[in-house]
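Engineer: Data: entry00.cif, mmCIF, N, CA and C atoms.
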data_target
loop_
_atom_site.label_atom_id
_atom_site.label_comp_id
_atom_site.auth_asym_id
_atom_site.auth_seq_id
_atom_site.Cartn_x
_atom_site.Cartn_y
_atom_site.Cartn_z
N MET A 62 13.70 29.26 -3.57
CA MET A 62 12.49 29.17 -4.37
C MET A 62 11.30 29.08 -3.42
N SER A 63 10.30 29.88 -3.68
CA SER A 63 9.13 29.85 -2.80
C SER A 63 8.23 28.68 -3.15
N ASP A 64 7.41 28.29 -2.18
CA ASP A 64 6.50 27.17 -2.40
C ASP A 64 5.35 27.51 -3.32
N ASN A 65 5.09 28.77 -3.57
CA ASN A 65 3.95 29.16 -4.38
C ASN A 65 4.40 29.84 -5.67
N SER A 66 5.28 29.20 -6.43
CA SER A 66 5.73 29.74 -7.70
C SER A 66 4.57 29.79 -8.67
N PRO A 67 4.50 30.85 -9.50
CA PRO A 67 3.40 30.95 -10.47
C PRO A 67 3.44 29.77 -11.44
N GLY A 68 2.27 29.26 -11.76
CA GLY A 68 2.16 28.18 -12.73
C GLY A 68 2.40 26.80 -12.16
N GLN A 69 2.76 26.70 -10.89
CA GLN A 69 3.01 25.39 -10.28
C GLN A 69 2.07 25.21 -9.10
N PRO A 70 1.52 23.99 -8.94
CA PRO A 70 0.64 23.76 -7.80
C PRO A 70 1.43 23.81 -6.49
N PRO A 71 0.81 24.22 -5.42
CA PRO A 71 1.52 24.28 -4.15
C PRO A 71 1.91 22.90 -3.65
N ALA A 72 2.93 22.85 -2.79
CA ALA A 72 3.41 21.59 -2.24
C ALA A 72 2.33 20.88 -1.44
N LYS A 73 1.40 21.64 -0.88
CA LYS A 73 0.31 21.03 -0.12
C LYS A 73 -0.55 20.13 -1.00
N LEU A 74 -0.70 20.53 -2.26
CA LEU A 74 -1.50 19.71 -3.19
C LEU A 74 -0.86 18.34 -3.36
N THR A 75 0.44 18.29 -3.50
CA THR A 75 1.15 17.02 -3.63
C THR A 75 0.97 16.17 -2.38
N TYR A 76 1.07 16.81 -1.23
CA TYR A 76 0.90 16.10 0.04
C TYR A 76 -0.50 15.48 0.14
N TRP A 77 -1.52 16.27 -0.14
CA TRP A 77 -2.89 15.75 -0.02
C TRP A 77 -3.22 14.75 -1.12
N LEU A 78 -2.68 14.95 -2.30
CA LEU A 78 -2.85 13.95 -3.36
C LEU A 78 -2.21 12.63 -2.93
N GLY A 79 -1.07 12.71 -2.25
CA GLY A 79 -0.42 11.51 -1.72
C GLY A 79 -1.31 10.78 -0.73
N TRP A 80 -2.00 11.53 0.14
CA TRP A 80 -2.91 10.89 1.09
C TRP A 80 -4.09 10.23 0.38
N VAL A 81 -4.62 10.90 -0.65
CA VAL A 81 -5.74 10.32 -1.39
C VAL A 81 -5.31 9.01 -2.04
N VAL A 82 -4.17 9.02 -2.70
CA VAL A 82 -3.66 7.80 -3.34
C VAL A 82 -3.39 6.72 -2.29
N SER A 83 -2.81 7.12 -1.16
CA SER A 83 -2.49 6.17 -0.09
C SER A 83 -3.73 5.50 0.47
N LEU A 84 -4.82 6.25 0.54
CA LEU A 84 -6.04 5.73 1.18
C LEU A 84 -6.93 4.91 0.25
N LEU A 85 -6.67 4.94 -1.05
CA LEU A 85 -7.53 4.19 -1.98
C LEU A 85 -7.65 2.70 -1.65
N PRO A 86 -6.56 1.97 -1.38
CA PRO A 86 -6.70 0.54 -1.10
C PRO A 86 -7.10 0.21 0.34
N VAL A 87 -7.12 1.20 1.22
CA VAL A 87 -7.34 0.93 2.64
C VAL A 87 -8.66 0.24 2.94
N PRO A 88 -9.80 0.71 2.41
CA PRO A 88 -11.07 0.04 2.76
C PRO A 88 -11.10 -1.45 2.39
N ILE A 89 -10.52 -1.79 1.25
CA ILE A 89 -10.53 -3.20 0.83
C ILE A 89 -9.64 -4.04 1.74
N LEU A 90 -8.49 -3.50 2.13
CA LEU A 90 -7.63 -4.26 3.05
C LEU A 90 -8.27 -4.39 4.44
N VAL A 91 -8.95 -3.35 4.89
CA VAL A 91 -9.64 -3.44 6.19
C VAL A 91 -10.74 -4.51 6.12
N MET A 92 -11.51 -4.49 5.05
CA MET A 92 -12.56 -5.52 4.90
C MET A 92 -11.95 -6.92 4.82
N GLY A 93 -10.81 -7.04 4.12
CA GLY A 93 -10.14 -8.34 4.04
C GLY A 93 -9.65 -8.81 5.39
N GLY A 94 -9.11 -7.89 6.18
CA GLY A 94 -8.66 -8.25 7.53
C GLY A 94 -9.80 -8.67 8.42
N ILE A 95 -10.90 -7.94 8.35
CA ILE A 95 -12.08 -8.29 9.15
C ILE A 95 -12.63 -9.64 8.71
N ALA A 96 -12.65 -9.88 7.40
CA ALA A 96 -13.14 -11.16 6.88
C ALA A 96 -12.29 -12.32 7.39
N LYS A 97 -10.99 -12.10 7.50
CA LYS A 97 -10.11 -13.17 8.00
C LYS A 97 -10.39 -13.45 9.48
N PHE A 98 -10.76 -12.41 10.24
CA PHE A 98 -11.14 -12.64 11.64
C PHE A 98 -12.43 -13.45 11.71
N GLN A 99 -13.36 -13.18 10.81
CA GLN A 99 -14.65 -13.89 10.82
C GLN A 99 -14.55 -15.27 10.19
N LEU A 100 -13.62 -15.46 9.27
CA LEU A 100 -13.38 -16.71 8.56
C LEU A 100 -14.67 -17.35 8.04
N THR A 101 -15.25 -16.72 7.04
CA THR A 101 -16.46 -17.24 6.41
C THR A 101 -16.15 -18.53 5.65
N GLU A 102 -17.20 -19.19 5.25
CA GLU A 102 -17.03 -20.45 4.52
C GLU A 102 -16.33 -20.23 3.17
N ASP A 103 -16.68 -19.14 2.49
CA ASP A 103 -16.04 -18.83 1.21
C ASP A 103 -14.55 -18.57 1.38
N LEU A 104 -14.21 -17.85 2.42
CA LEU A 104 -12.81 -17.55 2.68
C LEU A 104 -12.04 -18.83 3.04
N ALA A 105 -12.67 -19.70 3.80
CA ALA A 105 -12.03 -20.98 4.13
C ALA A 105 -11.75 -21.79 2.87
N LYS A 106 -12.67 -21.75 1.91
CA LYS A 106 -12.46 -22.44 0.63
C LYS A 106 -11.30 -21.82 -0.13
N ASN A 107 -11.20 -20.50 -0.09
CA ASN A 107 -10.08 -19.83 -0.76
C ASN A 107 -8.74 -20.22 -0.14
N PHE A 108 -8.71 -20.29 1.18
CA PHE A 108 -7.48 -20.71 1.86
C PHE A 108 -7.08 -22.11 1.42
N GLU A 109 -8.05 -23.00 1.39
CA GLU A 109 -7.77 -24.39 1.00
C GLU A 109 -7.34 -24.47 -0.46
N SER A 110 -7.90 -23.62 -1.32
CA SER A 110 -7.55 -23.69 -2.74
C SER A 110 -6.10 -23.28 -3.00
N ILE A 111 -5.55 -22.43 -2.13
CA ILE A 111 -4.13 -22.07 -2.31
C ILE A 111 -3.21 -22.88 -1.41
N GLY A 112 -3.79 -23.83 -0.69
CA GLY A 112 -2.99 -24.74 0.10
C GLY A 112 -2.59 -24.22 1.47
N TRP A 113 -3.31 -23.26 2.00
CA TRP A 113 -3.00 -22.72 3.32
C TRP A 113 -4.02 -23.20 4.33
N PRO A 114 -3.58 -23.56 5.52
CA PRO A 114 -4.54 -23.98 6.55
C PRO A 114 -5.33 -22.77 7.05
N THR A 115 -6.59 -22.98 7.36
CA THR A 115 -7.44 -21.89 7.83
C THR A 115 -6.99 -21.37 9.20
N SER A 116 -6.18 -22.15 9.90
CA SER A 116 -5.67 -21.70 11.19
C SER A 116 -4.77 -20.47 11.07
N LEU A 117 -4.30 -20.16 9.86
CA LEU A 117 -3.45 -18.99 9.65
C LEU A 117 -4.25 -17.71 9.45
N ALA A 118 -5.55 -17.80 9.34
CA ALA A 118 -6.38 -16.63 9.03
C ALA A 118 -6.21 -15.52 10.06
N MET A 119 -6.22 -15.88 11.34
CA MET A 119 -6.10 -14.87 12.40
C MET A 119 -4.73 -14.17 12.33
N LEU A 120 -3.68 -14.95 12.14
CA LEU A 120 -2.34 -14.38 12.04
C LEU A 120 -2.23 -13.45 10.83
N LEU A 121 -2.77 -13.88 9.70
CA LEU A 121 -2.73 -13.04 8.50
C LEU A 121 -3.54 -11.76 8.69
N ALA A 122 -4.67 -11.86 9.37
CA ALA A 122 -5.48 -10.67 9.65
C ALA A 122 -4.69 -9.69 10.51
N LEU A 123 -4.01 -10.19 11.52
CA LEU A 123 -3.20 -9.32 12.39
C LEU A 123 -2.05 -8.67 11.61
N LEU A 124 -1.40 -9.45 10.76
CA LEU A 124 -0.31 -8.91 9.94
C LEU A 124 -0.83 -7.84 8.98
N GLU A 125 -1.93 -8.13 8.34
CA GLU A 125 -2.51 -7.20 7.37
C GLU A 125 -2.93 -5.88 8.04
N LEU A 126 -3.70 -5.98 9.09
CA LEU A 126 -4.21 -4.78 9.75
C LEU A 126 -3.12 -4.05 10.53
N GLY A 127 -2.19 -4.80 11.11
CA GLY A 127 -1.08 -4.16 11.82
C GLY A 127 -0.17 -3.39 10.87
N SER A 128 0.16 -4.00 9.75
CA SER A 128 0.99 -3.32 8.75
C SER A 128 0.29 -2.09 8.20
N LEU A 129 -1.00 -2.23 7.99
CA LEU A 129 -1.80 -1.10 7.49
C LEU A 129 -1.83 0.04 8.51
N ALA A 130 -1.97 -0.28 9.77
CA ALA A 130 -1.96 0.75 10.82
C ALA A 130 -0.62 1.47 10.85
N LEU A 131 0.48 0.72 10.75
CA LEU A 131 1.81 1.35 10.72
C LEU A 131 1.94 2.26 9.50
N TYR A 132 1.39 1.86 8.38
CA TYR A 132 1.46 2.66 7.16
C TYR A 132 0.69 3.97 7.30
N LEU A 133 -0.40 3.95 8.02
CA LEU A 133 -1.25 5.14 8.14
C LEU A 133 -0.73 6.14 9.17
N ILE A 134 0.21 5.74 10.00
CA ILE A 134 0.82 6.65 10.97
C ILE A 134 2.04 7.27 10.28
N PRO A 135 2.06 8.59 10.11
CA PRO A 135 3.15 9.21 9.34
C PRO A 135 4.56 8.84 9.80
N ARG A 136 4.79 8.74 11.09
CA ARG A 136 6.15 8.43 11.58
C ARG A 136 6.59 7.01 11.25
N THR A 137 5.65 6.09 11.07
CA THR A 137 5.99 4.69 10.80
C THR A 137 5.55 4.26 9.40
N ALA A 138 5.23 5.22 8.53
CA ALA A 138 4.67 4.91 7.22
C ALA A 138 5.63 4.09 6.35
N VAL A 139 6.91 4.39 6.40
CA VAL A 139 7.86 3.65 5.56
C VAL A 139 7.94 2.19 6.02
N LEU A 140 8.01 1.97 7.33
CA LEU A 140 8.00 0.60 7.85
C LEU A 140 6.71 -0.12 7.44
N GLY A 141 5.58 0.56 7.56
CA GLY A 141 4.31 -0.03 7.15
C GLY A 141 4.29 -0.37 5.67
N ALA A 142 4.85 0.51 4.84
CA ALA A 142 4.90 0.25 3.40
C ALA A 142 5.77 -0.96 3.09
N ILE A 143 6.88 -1.08 3.79
CA ILE A 143 7.76 -2.25 3.59
C ILE A 143 7.03 -3.53 3.99
N LEU A 144 6.36 -3.52 5.14
CA LEU A 144 5.62 -4.70 5.59
C LEU A 144 4.46 -5.04 4.66
N LEU A 145 3.75 -4.02 4.20
CA LEU A 145 2.65 -4.26 3.26
C LEU A 145 3.16 -4.80 1.94
N THR A 146 4.32 -4.33 1.50
CA THR A 146 4.91 -4.85 0.27
C THR A 146 5.20 -6.34 0.41
N GLY A 147 5.74 -6.73 1.55
CA GLY A 147 6.00 -8.15 1.79
C GLY A 147 4.71 -8.95 1.87
N TYR A 148 3.73 -8.41 2.55
CA TYR A 148 2.43 -9.10 2.69
C TYR A 148 1.77 -9.28 1.32
N LEU A 149 1.73 -8.20 0.54
CA LEU A 149 1.09 -8.27 -0.77
C LEU A 149 1.91 -9.15 -1.73
N GLY A 150 3.23 -9.10 -1.61
CA GLY A 150 4.07 -9.98 -2.42
C GLY A 150 3.83 -11.44 -2.10
N GLY A 151 3.61 -11.73 -0.82
CA GLY A 151 3.27 -13.10 -0.43
C GLY A 151 1.94 -13.54 -0.99
N ALA A 152 0.98 -12.62 -1.04
CA ALA A 152 -0.32 -12.94 -1.63
C ALA A 152 -0.17 -13.25 -3.12
N ILE A 153 0.64 -12.45 -3.79
CA ILE A 153 0.87 -12.69 -5.22
C ILE A 153 1.55 -14.05 -5.42
N ALA A 154 2.58 -14.32 -4.63
CA ALA A 154 3.31 -15.59 -4.77
C ALA A 154 2.42 -16.79 -4.47
N ALA A 155 1.57 -16.67 -3.47
CA ALA A 155 0.68 -17.78 -3.11
C ALA A 155 -0.26 -18.13 -4.25
N HIS A 156 -0.76 -17.12 -4.92
CA HIS A 156 -1.69 -17.38 -6.02
C HIS A 156 -0.98 -17.84 -7.28
N ILE A 157 0.21 -17.31 -7.54
CA ILE A 157 0.96 -17.77 -8.71
C ILE A 157 1.38 -19.22 -8.54
N ARG A 158 1.71 -19.60 -7.30
CA ARG A 158 2.15 -20.98 -7.03
C ARG A 158 1.10 -21.99 -7.46
N VAL A 159 -0.17 -21.65 -7.30
CA VAL A 159 -1.24 -22.59 -7.68
C VAL A 159 -1.87 -22.20 -9.02
N GLU A 160 -1.15 -21.36 -9.78
CA GLU A 160 -1.58 -20.92 -11.11
C GLU A 160 -2.96 -20.28 -11.10
N ASP A 161 -3.22 -19.48 -10.09
CA ASP A 161 -4.46 -18.73 -9.97
C ASP A 161 -4.13 -17.26 -10.24
N PHE A 162 -4.05 -16.92 -11.53
CA PHE A 162 -3.55 -15.61 -11.92
C PHE A 162 -4.60 -14.50 -11.79
N GLY A 163 -5.82 -14.83 -11.50
CA GLY A 163 -6.88 -13.84 -11.38
C GLY A 163 -6.72 -12.92 -10.18
N TYR A 164 -6.01 -13.35 -9.16
CA TYR A 164 -5.85 -12.56 -7.94
C TYR A 164 -4.49 -11.88 -7.85
N VAL A 165 -3.79 -11.79 -8.95
CA VAL A 165 -2.44 -11.22 -8.92
C VAL A 165 -2.48 -9.70 -9.10
N CYS A 166 -3.38 -9.19 -9.91
CA CYS A 166 -3.39 -7.76 -10.25
C CYS A 166 -3.71 -6.87 -9.05
N LEU A 167 -4.69 -7.24 -8.25
CA LEU A 167 -5.11 -6.37 -7.16
C LEU A 167 -4.00 -6.11 -6.15
N PRO A 168 -3.31 -7.13 -5.62
CA PRO A 168 -2.21 -6.84 -4.70
C PRO A 168 -1.08 -6.05 -5.36
N LEU A 169 -0.84 -6.28 -6.64
CA LEU A 169 0.19 -5.54 -7.35
C LEU A 169 -0.18 -4.06 -7.45
N VAL A 170 -1.41 -3.78 -7.82
CA VAL A 170 -1.87 -2.39 -7.91
C VAL A 170 -1.85 -1.73 -6.54
N PHE A 171 -2.27 -2.46 -5.51
CA PHE A 171 -2.26 -1.91 -4.15
C PHE A 171 -0.84 -1.54 -3.72
N GLY A 172 0.12 -2.40 -4.00
CA GLY A 172 1.50 -2.10 -3.65
C GLY A 172 2.00 -0.84 -4.35
N ILE A 173 1.66 -0.69 -5.62
CA ILE A 173 2.05 0.50 -6.36
C ILE A 173 1.39 1.74 -5.75
N LEU A 174 0.10 1.64 -5.41
CA LEU A 174 -0.60 2.77 -4.81
C LEU A 174 -0.01 3.16 -3.46
N PHE A 175 0.35 2.17 -2.65
CA PHE A 175 0.94 2.47 -1.34
C PHE A 175 2.24 3.25 -1.50
N TRP A 176 3.11 2.78 -2.38
CA TRP A 176 4.40 3.46 -2.54
C TRP A 176 4.26 4.79 -3.26
N LEU A 177 3.39 4.89 -4.25
CA LEU A 177 3.17 6.16 -4.93
C LEU A 177 2.61 7.19 -3.96
N GLY A 178 1.63 6.79 -3.16
CA GLY A 178 1.06 7.70 -2.17
C GLY A 178 2.09 8.16 -1.17
N LEU A 179 2.91 7.24 -0.70
CA LEU A 179 3.95 7.60 0.26
C LEU A 179 4.98 8.52 -0.37
N TYR A 180 5.33 8.25 -1.62
CA TYR A 180 6.28 9.10 -2.34
C TYR A 180 5.74 10.53 -2.45
N LEU A 181 4.47 10.66 -2.74
CA LEU A 181 3.89 11.99 -2.91
C LEU A 181 3.76 12.74 -1.58
N ARG A 182 3.49 12.03 -0.50
CA ARG A 182 3.26 12.74 0.76
C ARG A 182 4.49 12.88 1.64
N ASP A 183 5.59 12.24 1.28
CA ASP A 183 6.79 12.28 2.12
C ASP A 183 7.97 12.92 1.37
N PRO A 184 8.25 14.20 1.65
CA PRO A 184 9.36 14.86 0.95
C PRO A 184 10.71 14.20 1.21
N GLN A 185 10.90 13.59 2.38
CA GLN A 185 12.17 12.91 2.66
C GLN A 185 12.36 11.70 1.75
N LEU A 186 11.28 10.99 1.48
CA LEU A 186 11.36 9.84 0.57
C LEU A 186 11.66 10.31 -0.85
N ARG A 187 11.03 11.41 -1.26
CA ARG A 187 11.32 11.98 -2.59
C ARG A 187 12.79 12.40 -2.68
N GLN A 188 13.30 13.00 -1.62
CA GLN A 188 14.70 13.42 -1.60
C GLN A 188 15.63 12.21 -1.67
N LEU A 189 15.28 11.16 -0.95
CA LEU A 189 16.10 9.96 -0.92
C LEU A 189 16.12 9.26 -2.28
N LEU A 190 14.96 9.15 -2.92
CA LEU A 190 14.87 8.43 -4.19
C LEU A 190 15.31 9.26 -5.38
N ARG A 191 15.04 10.55 -5.34
CA ARG A 191 15.42 11.47 -6.43
C ARG A 191 15.08 10.92 -7.80
N LEU A 192 13.84 10.54 -8.00
CA LEU A 192 13.39 10.07 -9.30
C LEU A 192 13.32 11.24 -10.26
N PRO A 193 13.53 11.00 -11.55
CA PRO A 193 13.41 12.10 -12.51
C PRO A 193 11.98 12.65 -12.49
N CYS A 194 11.86 13.93 -12.55
CA CYS A 194 10.56 14.58 -12.46
C CYS A 194 10.26 15.31 -13.75
N CYS A 195 9.05 15.11 -14.26
CA CYS A 195 8.68 15.76 -15.51
C CYS A 195 7.91 17.05 -15.29
N CYS A 196 7.28 17.22 -14.13
CA CYS A 196 6.43 18.39 -13.93
C CYS A 196 6.90 19.28 -12.81
N HIS A 197 7.79 18.81 -11.97
CA HIS A 197 8.34 19.56 -10.83
C HIS A 197 7.31 19.95 -9.80
N CYS A 198 6.14 19.31 -9.84
CA CYS A 198 5.12 19.63 -8.83
C CYS A 198 5.38 18.90 -7.51
N CYS A 199 6.03 17.73 -7.57
CA CYS A 199 6.27 16.98 -6.32
C CYS A 199 7.65 17.23 -5.77
N CYS A 200 8.56 17.73 -6.57
CA CYS A 200 9.93 17.87 -6.07
C CYS A 200 10.30 19.32 -5.81
N LYS A 201 9.33 20.19 -5.83
CA LYS A 201 9.59 21.61 -5.59
C LYS A 201 10.22 21.80 -4.21
N GLY A 202 11.29 22.51 -4.16
CA GLY A 202 11.96 22.76 -2.90
C GLY A 202 12.90 21.64 -2.48
N ASN A 203 13.00 20.57 -3.28
CA ASN A 203 13.87 19.45 -2.92
C ASN A 203 15.08 19.35 -3.85
N GLU A 204 15.34 20.41 -4.63
CA GLU A 204 16.46 20.35 -5.56
C GLU A 204 17.77 20.45 -4.81
#
Would it be possible to restate this file's structure as structure tokens?
Structural biologist:
Amino acid sequence: MSDNSPGQPPAKLTYWLGWVVSLLPVPILVMGGIAKFQLTEDLAKNFESIGWPTSLAMLLALLELGSLALYLIPRTAVLGAILLTGYLGGAIAAHIRVEDFGYVCLPLVFGILFWLGLYLRDPQLRQLLRLPCCCHCCCKGNE
């Protein structure tokens, strides 16, 4: 089957759509990492409200930005996605522990966007997962 079948978008469209989806949460995570390096007064209050010492801010910034860098490098993207999933899951758990449910949605949506973007841009991941496809635009050539 050729990559340019009539009526179906080319595989390149899926790849680039995957990058767009992957990059949506990146600016906010970069700003969050930079904020942790600067440790503003508001951020220090947030750390205290969830019961974390502010001394962890630098470590969390390194974990956040390092995992994000791994995710953005195609060869290490799966490792980065796994690390980001753990990081974001920890953020969700930390806020649920203190019954602060307002900050749960954003990390959850970011995790979904990271994996959806990676799924769209990585044909090997699509082949490995073999999710049912309704439009055949992302799985073309992987049957």
Engineer: Mind giving me the straight-line distance from atom CA of A:Thr115 to atom CA of A:Leu129 in Å, one decimal?
Structural biologist: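 So the two atoms, atom CA of A:Thr115 and atom CA of A:Leu129, lie 21.5 Å apart.
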Engineer: Restricting the calculation to only C-alpha atoms, which member of A:Arg182, A:Phe175, A:Leu121, A:Ile111 is positioned closest to A:Phe162?
Structural biologist: A:Ile111
Engineer: Which one is closest to A:Lys106: A:Ala118, A:Leu192, A:Leu177, A:Leu85? Count only C-alpha atoms.
Structural biologist: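 Of the candidates, the smallest distance to A:Lys106 is held by A:Ala118.
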Engineer: Give as a ChimeraX atom specification the residues that the PyMOL selection byres ((chain A and resi 146-153) around 7) matches when applied to the coordinates above.
Structural biologist: /A:141-145,154-158,164-165,168-169,172
Engineer: One decimal, in Å: what's the spacing between atom N of A:Leu179 and atom N of A:Ala122?
Structural biologist: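 Answer for the atom N of A:Leu179 to atom N of A:Ala122 separation: 22.9 Å.
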Engineer: In Å, rounded to a single decimal, give me how far atom CA of A:Glu125 is from atom CA of A:Gly94.
Structural biologist: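 So the two atoms, atom CA of A:Gly94 and atom CA of A:Glu125, lie 6.2 Å apart.
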